[in-house]
>>> print(open('structure-v2.cif').read())   # mmCIF, C-alpha atoms
data_work
loop_
_atom_site.label_atom_id
_atom_site.label_comp_id
_atom_site.auth_asym_id
_atom_site.auth_seq_id
_atom_site.Cartn_x
_atom_site.Cartn_y
_atom_site.Cartn_z
CA MET K 759 -124.00 57.05 -60.20
CA VAL K 760 -126.97 57.68 -62.46
CA GLU K 761 -129.58 59.88 -60.93
CA SER K 762 -133.28 59.16 -61.04
CA ALA K 763 -134.96 56.44 -62.93
CA ARG K 764 -136.41 56.01 -66.36
CA VAL K 765 -137.81 57.83 -69.30
CA LYS K 766 -140.89 55.71 -70.01
CA GLY K 767 -142.23 57.24 -73.19
CA ALA K 768 -141.25 59.06 -76.35
CA GLY K 769 -143.41 61.89 -77.59
CA PRO K 770 -142.66 63.82 -80.75
CA THR K 771 -142.04 62.50 -84.23
CA LEU K 772 -138.45 63.13 -85.28
CA GLY K 773 -137.90 65.38 -88.27
CA PRO K 774 -134.77 65.22 -90.43
CA VAL K 775 -131.67 64.33 -88.40
CA ALA K 776 -128.14 65.33 -89.40
CA ILE K 777 -125.46 62.99 -88.09
CA ILE K 778 -122.21 64.95 -88.06
CA GLY K 779 -119.35 62.49 -88.20
CA PHE K 780 -119.40 58.88 -89.39
CA GLY K 781 -117.27 56.91 -86.99
CA THR K 782 -118.47 53.72 -85.33
CA MET K 783 -121.20 55.39 -83.26
CA GLY K 784 -122.23 57.86 -85.96
CA ARG K 785 -122.67 55.03 -88.44
CA ALA K 786 -124.61 52.94 -85.93
CA GLN K 787 -127.04 55.67 -85.02
CA ALA K 788 -127.55 56.68 -88.65
CA LEU K 789 -128.42 53.11 -89.66
CA ASN K 790 -130.75 52.62 -86.69
CA LEU K 791 -132.52 55.94 -87.33
CA ARG K 792 -133.09 54.95 -90.94
CA ARG K 793 -134.42 51.57 -89.88
CA SER K 794 -136.82 53.42 -87.56
CA GLY K 795 -138.16 55.46 -90.49
CA VAL K 796 -136.37 58.72 -89.69
CA GLU K 797 -134.93 60.87 -92.50
CA VAL K 798 -131.16 60.94 -92.02
CA MET K 799 -128.37 63.04 -93.51
CA ILE K 800 -124.66 62.51 -92.90
CA GLY K 801 -122.53 65.64 -92.54
CA CYS K 802 -118.91 65.06 -93.55
CA ARG K 803 -115.97 67.37 -94.07
CA PRO K 804 -114.49 67.61 -97.59
CA GLY K 805 -111.99 64.86 -98.30
CA SER K 806 -113.18 62.68 -95.45
CA ALA K 807 -112.86 58.95 -96.06
CA SER K 808 -116.29 58.61 -94.50
CA VAL K 809 -118.01 60.11 -97.56
CA GLU K 810 -117.70 57.01 -99.72
CA ARG K 811 -118.39 54.65 -96.82
CA ALA K 812 -121.65 56.42 -96.03
CA ARG K 813 -122.70 56.59 -99.68
CA ALA K 814 -121.97 52.88 -100.10
CA MET K 815 -124.57 52.27 -97.38
CA GLY K 816 -127.14 54.29 -99.31
CA LEU K 817 -127.06 57.27 -96.96
CA ASP K 818 -127.54 60.91 -97.95
CA VAL K 819 -124.13 62.56 -97.56
CA ARG K 820 -123.71 66.35 -97.55
CA PRO K 821 -121.16 68.93 -96.41
CA VAL K 822 -121.47 69.67 -92.69
CA ALA K 823 -122.96 73.15 -93.21
CA GLU K 824 -125.59 71.89 -95.66
CA ALA K 825 -126.60 68.94 -93.50
CA THR K 826 -126.89 71.25 -90.50
CA SER K 827 -129.11 73.76 -92.28
CA GLY K 828 -131.46 71.00 -93.47
CA ALA K 829 -132.02 69.26 -90.13
CA ASP K 830 -134.38 69.57 -87.19
CA VAL K 831 -131.91 67.66 -85.00
CA VAL K 832 -128.14 68.00 -85.43
CA MET K 833 -126.38 65.12 -83.71
CA LEU K 834 -122.64 65.59 -83.12
CA MET K 835 -120.63 62.37 -83.46
CA LEU K 836 -117.19 63.86 -84.04
CA PRO K 837 -114.06 63.07 -82.00
CA ASP K 838 -113.87 65.08 -78.79
CA GLN K 839 -110.71 66.84 -79.90
CA THR K 840 -112.25 68.27 -83.10
CA MET K 841 -115.86 68.84 -82.10
CA GLY K 842 -115.48 72.39 -80.79
CA GLN K 843 -113.78 73.71 -83.92
CA VAL K 844 -116.25 72.09 -86.31
CA PHE K 845 -119.19 73.35 -84.26
CA SER K 846 -118.00 76.96 -84.30
CA GLN K 847 -117.00 76.98 -87.98
CA ASP K 848 -119.63 74.87 -89.75
CA ILE K 849 -122.51 74.05 -87.42
CA GLU K 850 -123.42 77.01 -85.22
CA PRO K 851 -123.68 79.53 -88.10
CA ASN K 852 -125.97 77.19 -90.06
CA LEU K 853 -128.39 76.00 -87.39
CA ARG K 854 -132.06 76.71 -87.94
CA PRO K 855 -133.52 78.86 -85.15
CA GLU K 856 -135.64 75.96 -83.87
CA SER K 857 -133.18 73.11 -84.44
CA ALA K 858 -131.98 70.92 -81.58
CA VAL K 859 -128.38 69.98 -80.92
CA GLY K 860 -127.68 66.48 -79.66
CA PHE K 861 -124.62 64.65 -78.35
CA ALA K 862 -123.72 61.01 -77.72
CA HIS K 863 -121.05 61.97 -75.17
CA GLY K 864 -120.89 64.87 -72.72
CA PHE K 865 -117.25 65.94 -73.10
CA ALA K 866 -117.71 69.01 -75.34
CA VAL K 867 -120.44 70.53 -73.17
CA ALA K 868 -119.08 69.43 -69.79
CA PHE K 869 -115.66 70.97 -70.47
CA ASP K 870 -116.80 74.08 -72.33
CA GLN K 871 -115.64 73.14 -75.83
CA ILE K 872 -119.15 73.95 -77.05
CA GLN K 873 -121.60 76.38 -75.50
CA VAL K 874 -125.17 75.93 -76.73
CA PRO K 875 -127.15 79.05 -75.82
CA ALA K 876 -130.12 78.89 -73.46
CA GLY K 877 -133.41 78.47 -75.28
CA ARG K 878 -132.10 76.07 -77.90
CA PRO K 879 -132.97 72.39 -77.31
CA CYS K 880 -129.80 70.53 -76.34
CA PHE K 881 -129.78 66.92 -75.23
CA LEU K 882 -127.55 63.93 -74.64
CA VAL K 883 -128.35 60.35 -75.66
CA ALA K 884 -125.48 58.04 -74.76
CA PRO K 885 -126.01 54.36 -75.62
CA LYS K 886 -124.19 52.08 -73.20
CA SER K 887 -122.78 50.01 -76.00
CA GLN K 888 -120.19 50.01 -78.75
CA GLY K 889 -121.58 51.02 -82.16
CA ASP K 890 -121.61 47.61 -83.88
CA MET K 891 -123.38 46.09 -80.87
CA LEU K 892 -125.99 48.84 -80.98
CA VAL K 893 -126.72 48.03 -84.64
CA GLU K 894 -126.93 44.29 -83.96
CA ALA K 895 -129.33 44.78 -81.05
CA HIS K 896 -131.56 47.12 -83.08
CA GLN K 897 -131.59 44.75 -86.07
CA ALA K 898 -132.76 41.98 -83.75
CA GLY K 899 -135.66 44.13 -82.56
CA GLY K 900 -134.09 45.03 -79.23
CA GLY K 901 -131.68 47.64 -77.97
CA VAL K 902 -129.33 48.65 -75.18
CA PRO K 903 -129.67 50.86 -72.09
CA GLY K 904 -129.03 54.57 -72.53
CA LEU K 905 -128.13 57.62 -70.47
CA LEU K 906 -130.19 60.74 -71.21
CA ALA K 907 -129.60 64.37 -70.24
CA VAL K 908 -130.94 67.77 -71.18
CA LYS K 909 -128.81 70.88 -70.90
CA GLU K 910 -129.97 73.51 -68.43
CA GLY K 911 -131.83 76.28 -70.23
CA SER K 912 -133.36 73.99 -72.86
CA PRO K 913 -137.14 74.15 -73.45
CA PRO K 914 -139.14 71.66 -71.32
CA GLU K 915 -140.18 69.64 -74.38
CA THR K 916 -136.52 68.75 -74.98
CA TRP K 917 -136.96 65.74 -72.70
CA ASP K 918 -139.61 64.34 -75.04
CA LEU K 919 -137.30 64.92 -77.99
CA ALA K 920 -134.42 63.15 -76.24
CA ALA K 921 -136.67 60.17 -75.43
CA ALA K 922 -137.93 59.99 -79.01
CA TYR K 923 -134.39 60.05 -80.34
CA ALA K 924 -133.26 57.39 -77.85
CA LEU K 925 -136.15 55.15 -78.85
CA ALA K 926 -135.35 55.54 -82.55
CA VAL K 927 -131.68 54.59 -82.17
CA GLY K 928 -132.41 51.69 -79.84
CA CYS K 929 -131.16 52.76 -76.44
CA LEU K 930 -134.20 52.59 -74.19
CA GLU K 931 -133.90 48.84 -73.60
CA GLY K 932 -134.25 48.42 -69.87
CA GLY K 933 -134.76 52.16 -69.45
CA GLY K 934 -133.42 55.56 -70.34
CA PHE K 935 -131.57 56.62 -67.23
CA VAL K 936 -131.43 60.31 -66.40
CA THR K 937 -128.07 61.97 -65.82
CA THR K 938 -126.28 65.24 -66.68
CA PHE K 939 -123.71 66.03 -69.37
CA ARG K 940 -120.99 66.35 -66.74
CA LYS K 941 -121.82 63.19 -64.82
CA GLU K 942 -122.02 61.13 -68.01
CA CYS K 943 -118.66 62.45 -69.18
CA VAL K 944 -116.81 62.08 -65.87
CA SER K 945 -118.18 58.61 -65.12
CA ASP K 946 -117.46 57.43 -68.68
CA GLN K 947 -113.85 58.64 -68.59
CA PHE K 948 -113.23 57.27 -65.11
CA GLY K 949 -114.59 53.84 -66.07
CA GLU K 950 -112.43 53.82 -69.19
CA GLN K 951 -109.25 54.91 -67.43
CA ALA K 952 -109.53 53.00 -64.17
CA VAL K 953 -111.02 49.78 -65.52
CA LEU K 954 -112.08 49.17 -69.10
CA CYS K 955 -109.28 50.59 -71.23
CA GLY K 956 -106.66 51.33 -68.57
CA GLY K 957 -106.62 49.24 -65.41
CA VAL K 958 -107.72 45.95 -66.97
CA ILE K 959 -105.24 46.22 -69.84
CA GLU K 960 -102.35 46.95 -67.47
CA LEU K 961 -103.37 43.98 -65.31
CA LEU K 962 -103.35 41.77 -68.40
CA LYS K 963 -99.92 43.02 -69.45
CA ALA K 964 -98.47 42.50 -65.98
CA THR K 965 -99.96 39.02 -65.59
CA PHE K 966 -98.71 37.93 -69.01
CA GLU K 967 -95.20 39.27 -68.45
CA ILE K 968 -94.89 37.73 -64.98
CA MET K 969 -96.00 34.30 -66.23
CA VAL K 970 -93.59 34.39 -69.19
CA GLU K 971 -90.73 35.55 -66.95
CA ALA K 972 -91.47 32.60 -64.65
CA GLY K 973 -91.07 30.17 -67.54
CA TYR K 974 -94.66 29.58 -68.62
CA GLY K 975 -95.35 29.43 -72.35
CA ARG K 976 -96.58 32.54 -74.14
CA GLU K 977 -99.64 30.68 -75.39
CA ASN K 978 -100.44 29.37 -71.91
CA ALA K 979 -100.05 32.84 -70.43
CA TYR K 980 -102.17 34.46 -73.15
CA PHE K 981 -105.03 31.99 -72.73
CA GLU K 982 -105.07 32.40 -68.95
CA CYS K 983 -104.91 36.19 -68.74
CA VAL K 984 -106.56 37.40 -71.97
CA HIS K 985 -108.58 34.74 -73.75
CA GLU K 986 -110.51 33.65 -70.68
CA LEU K 987 -111.34 37.22 -69.64
CA LYS K 988 -114.36 37.09 -71.96
CA LEU K 989 -115.75 34.11 -70.07
CA ILE K 990 -115.82 36.14 -66.86
CA THR K 991 -117.09 39.39 -68.38
CA ASP K 992 -119.92 37.51 -70.11
CA LEU K 993 -120.94 35.99 -66.76
CA LEU K 994 -120.74 39.40 -65.07
CA HIS K 995 -122.79 40.97 -67.84
CA ARG K 996 -125.58 38.41 -67.53
CA TYR K 997 -125.58 37.47 -63.84
CA GLY K 998 -123.72 40.12 -61.83
CA VAL K 999 -120.84 39.58 -59.40
CA ASP K 1000 -122.60 37.07 -57.14
CA GLY K 1001 -124.00 35.15 -60.10
CA MET K 1002 -120.54 34.95 -61.64
CA ARG K 1003 -119.05 33.57 -58.41
CA GLN K 1004 -121.72 30.87 -58.33
CA ARG K 1005 -120.91 29.76 -61.88
CA ILE K 1006 -117.14 29.35 -61.62
CA SER K 1007 -115.13 26.70 -59.80
CA GLY K 1008 -114.71 26.84 -56.06
CA THR K 1009 -110.97 27.18 -56.54
CA ALA K 1010 -111.40 30.18 -58.82
CA ALA K 1011 -113.94 31.82 -56.51
CA TYR K 1012 -111.80 31.35 -53.39
CA GLY K 1013 -108.62 32.50 -55.13
CA GLY K 1014 -110.30 35.60 -56.51
CA LEU K 1015 -111.99 36.58 -53.25
CA THR K 1016 -108.82 36.16 -51.16
CA ARG K 1017 -106.11 37.32 -53.60
CA GLY K 1018 -107.96 40.00 -55.53
CA PRO K 1019 -107.87 42.46 -52.59
CA ARG K 1020 -104.09 42.02 -52.43
CA VAL K 1021 -103.82 43.24 -56.03
CA ILE K 1022 -106.31 46.11 -55.64
CA ASP K 1023 -105.22 47.46 -52.27
CA ASP K 1024 -105.59 50.84 -50.57
CA GLY K 1025 -102.67 52.25 -52.58
CA VAL K 1026 -104.44 51.42 -55.83
CA ARG K 1027 -107.67 52.97 -54.55
CA ALA K 1028 -105.79 56.15 -53.63
CA ARG K 1029 -104.38 56.42 -57.16
CA MET K 1030 -107.83 55.78 -58.62
CA ARG K 1031 -109.20 58.69 -56.56
CA GLU K 1032 -106.41 60.87 -57.98
CA ILE K 1033 -107.46 59.90 -61.50
CA LEU K 1034 -111.08 60.74 -60.74
CA ALA K 1035 -110.05 64.14 -59.34
CA GLU K 1036 -108.03 64.89 -62.50
CA ILE K 1037 -111.10 64.22 -64.62
CA GLU K 1038 -113.43 66.24 -62.40
CA ASN K 1039 -111.21 69.33 -62.24
CA GLY K 1040 -110.58 69.38 -66.00
CA GLU K 1041 -106.90 68.46 -65.82
CA PHE K 1042 -107.36 65.38 -67.99
CA ALA K 1043 -109.43 67.28 -70.57
CA ARG K 1044 -106.73 69.96 -70.88
CA GLU K 1045 -103.99 67.33 -71.16
CA PHE K 1046 -105.94 65.37 -73.77
CA LEU K 1047 -106.65 68.38 -75.97
CA ALA K 1048 -103.05 69.60 -75.70
CA ALA K 1049 -101.73 66.17 -76.64
CA HIS K 1050 -103.83 66.12 -79.80
CA ALA K 1051 -102.64 69.59 -80.72
CA ASP K 1052 -99.05 68.28 -80.68
CA PRO K 1053 -98.42 65.47 -83.22
CA GLU K 1054 -95.51 64.17 -81.17
CA ARG K 1055 -97.83 63.48 -78.23
CA GLY K 1056 -100.89 62.20 -80.09
CA ILE K 1057 -102.71 58.95 -79.49
CA GLU K 1058 -101.22 57.27 -82.58
CA ASN K 1059 -97.75 57.25 -81.03
CA LEU K 1060 -99.04 55.78 -77.78
CA ILE K 1061 -100.92 53.03 -79.63
CA ALA K 1062 -97.84 52.23 -81.74
CA GLU K 1063 -95.66 52.02 -78.62
CA GLU K 1064 -98.06 49.59 -76.94
CA ALA K 1065 -98.24 47.49 -80.13
CA ASN K 1066 -94.54 46.72 -79.70
CA GLY K 1067 -95.16 45.09 -76.32
CA THR K 1068 -95.03 41.35 -75.69
CA LEU K 1069 -98.76 40.94 -75.00
CA ALA K 1070 -99.74 42.65 -78.26
CA GLU K 1071 -97.22 40.53 -80.16
CA ALA K 1072 -98.67 37.34 -78.67
CA GLY K 1073 -102.14 38.44 -79.70
CA ARG K 1074 -101.06 39.03 -83.29
CA THR K 1075 -99.72 35.47 -83.37
CA LEU K 1076 -102.66 33.68 -81.74
CA LEU K 1077 -105.74 35.64 -82.78
CA PRO K 1078 -105.69 34.68 -86.48
CA ARG K 1079 -105.92 31.05 -85.37
CA LEU K 1080 -108.60 31.69 -82.77
CA HIS K 1081 -110.72 34.04 -84.90
CA PRO K 1082 -109.83 33.44 -88.56
CA ARG K 1083 -112.89 35.29 -89.89
CA ASP K 1084 -111.74 38.49 -88.20
CA HIS K 1085 -108.17 38.12 -89.45
CA PRO K 1086 -107.88 37.59 -93.23
CA LYS K 1087 -105.29 35.06 -94.35
CA GLU K 1088 -102.89 37.65 -95.71
CA GLU K 1089 -102.66 39.24 -92.24
CA ARG K 1090 -101.87 36.01 -90.40
CA SER K 1091 -98.55 35.13 -88.83
CA GLU K 1092 -98.12 31.47 -89.74
#
>>> encode(input="structure-v2.cif", output="structure tokens")
Amino acid sequence: MVESARVKGAGPTLGPVAIIGFGTMGRAQALNLRRSGVEVMIGCRPGSASVERARAMGLDVRPVAEATSGADVVMLMLPDQTMGQVFSQDIEPNLRPESAVGFAHGFAVAFDQIQVPAGRPCFLVAPKSQGDMLVEAHQAGGGVPGLLAVKEGSPPETWDLAAAYALAVGCLEGGGFVTTFRKECVSDQFGEQAVLCGGVIELLKATFEIMVEAGYGRENAYFECVHELKLITDLLHRYGVDGMRQRISGTAAYGGLTRGPRVIDDGVRARMREILAEIENGEFAREFLAAHADPERGIENLIAEEANGTLAEAGRTLLPRLHPRDHPKEERSE
């Protein structure tokens, strides 16, 4: 749970910012900083495919060491599994004495992949949004909520710097909520594993497979357990749990309230607590880093294995018809 309330203001003017890494969130924050009038540099490793993508957007692209040495704020947007190595090799030796180090996720600091020395400003600004959504909100003149933290040992003015950065990238909408690196990281991973990217997906797979096994059509099953999920999450996002219940049919509300607890029972809760404990004690972090160090255990193989499942296959068939703009004609399964 997020501690404390809101950062209500933003003090200092941001100097040059180096965004290290140009994935979805790095790109989003770079574009929003530029739109806010902040000088931005993109730090990329040699041979990275991101170099041309960033240049095509009119951004100043430099090697990581050069971008670091030219910035007042160095914002790390690299994958968790590579951040520690890049920091020690290319960033730490090239930091200006007064430069701040920023993060959009707490993993590297919370699990000791990076140790920023006391006295150097070090902050976390974690938008509660996917990157493309952050850009869209900022373009429309709004933003998203954000979690903010300052590492222990940072100068007191680091809070003002974190608030200024959050304002520039568009994540003070509704408040900048104060947390710590560790609490942001643990809560983020637990939400992903237990619900967003783990529990919900497994529920969808199980529901789809059970319906198909019982003789219901693949299309029917897909619409009921995947397509309509967005209807419910949109209602939850806008109106909360009680507001969602009030806006669905009485049959759906009664069925959910009486059958949902049979699906998520005490056994499920016990396993969820085990997952939380694995994150808190560092077991998951060690497993994750070890898996990426071994190509046979990397995420690509897990994604490919899931892509062979029946739910993923149904999606590849139906989605080009449901969302043709997102699925070019040559990719469609007619």
>>> residues_around(input="structure-v2.cif", residues="segment 1061-1071 of chain K", least_positions_apart="5", cutoff="12 Å", atoms="all atoms listed in the file", output="PyMOL selection string")
chain K and resi 959-971+976-977+979-981+983-985+1055-1056+1076-1077+1091
>>> closest_residue(input="structure-v2.cif", among="K:Ser912, K:Thr937, K:Thr771, K:Gln787", to="Gly864 of chain K", atoms="all atoms listed in the file")
K:Thr937
>>> closest_residue(input="structure-v2.cif", among="K:Arg1003, K:Arg803, K:His995, K:Arg1017", to="Thr840 of chain K", atoms="all atoms listed in the file")
K:Arg803
>>> resolve_selection(input="structure-v2.cif", expression="the PyMOL selection byres ((chain K and resi 824) around 10)", output="list of chain:residue names")
K:Ala776, K:Met799, K:Ile800, K:Gly801, K:Cys802, K:Val819, K:Arg820, K:Pro821, K:Val822, K:Ala823, K:Ala825, K:Thr826, K:Ser827, K:Gly828, K:Ala829, K:Asp848, K:Ile849, K:Asn852, K:Leu853
>>> resolve_selection(input="structure-v2.cif", expression="the PyMOL selection byres ((chain K and resi 939) around 8)", output="list in words")
His863, Gly864, Phe865, Val867, Ala868, Leu882, Ala907, Val908, Lys909, Thr937, Thr938, Arg940, Lys941, Glu942 and Cys943 of chain K
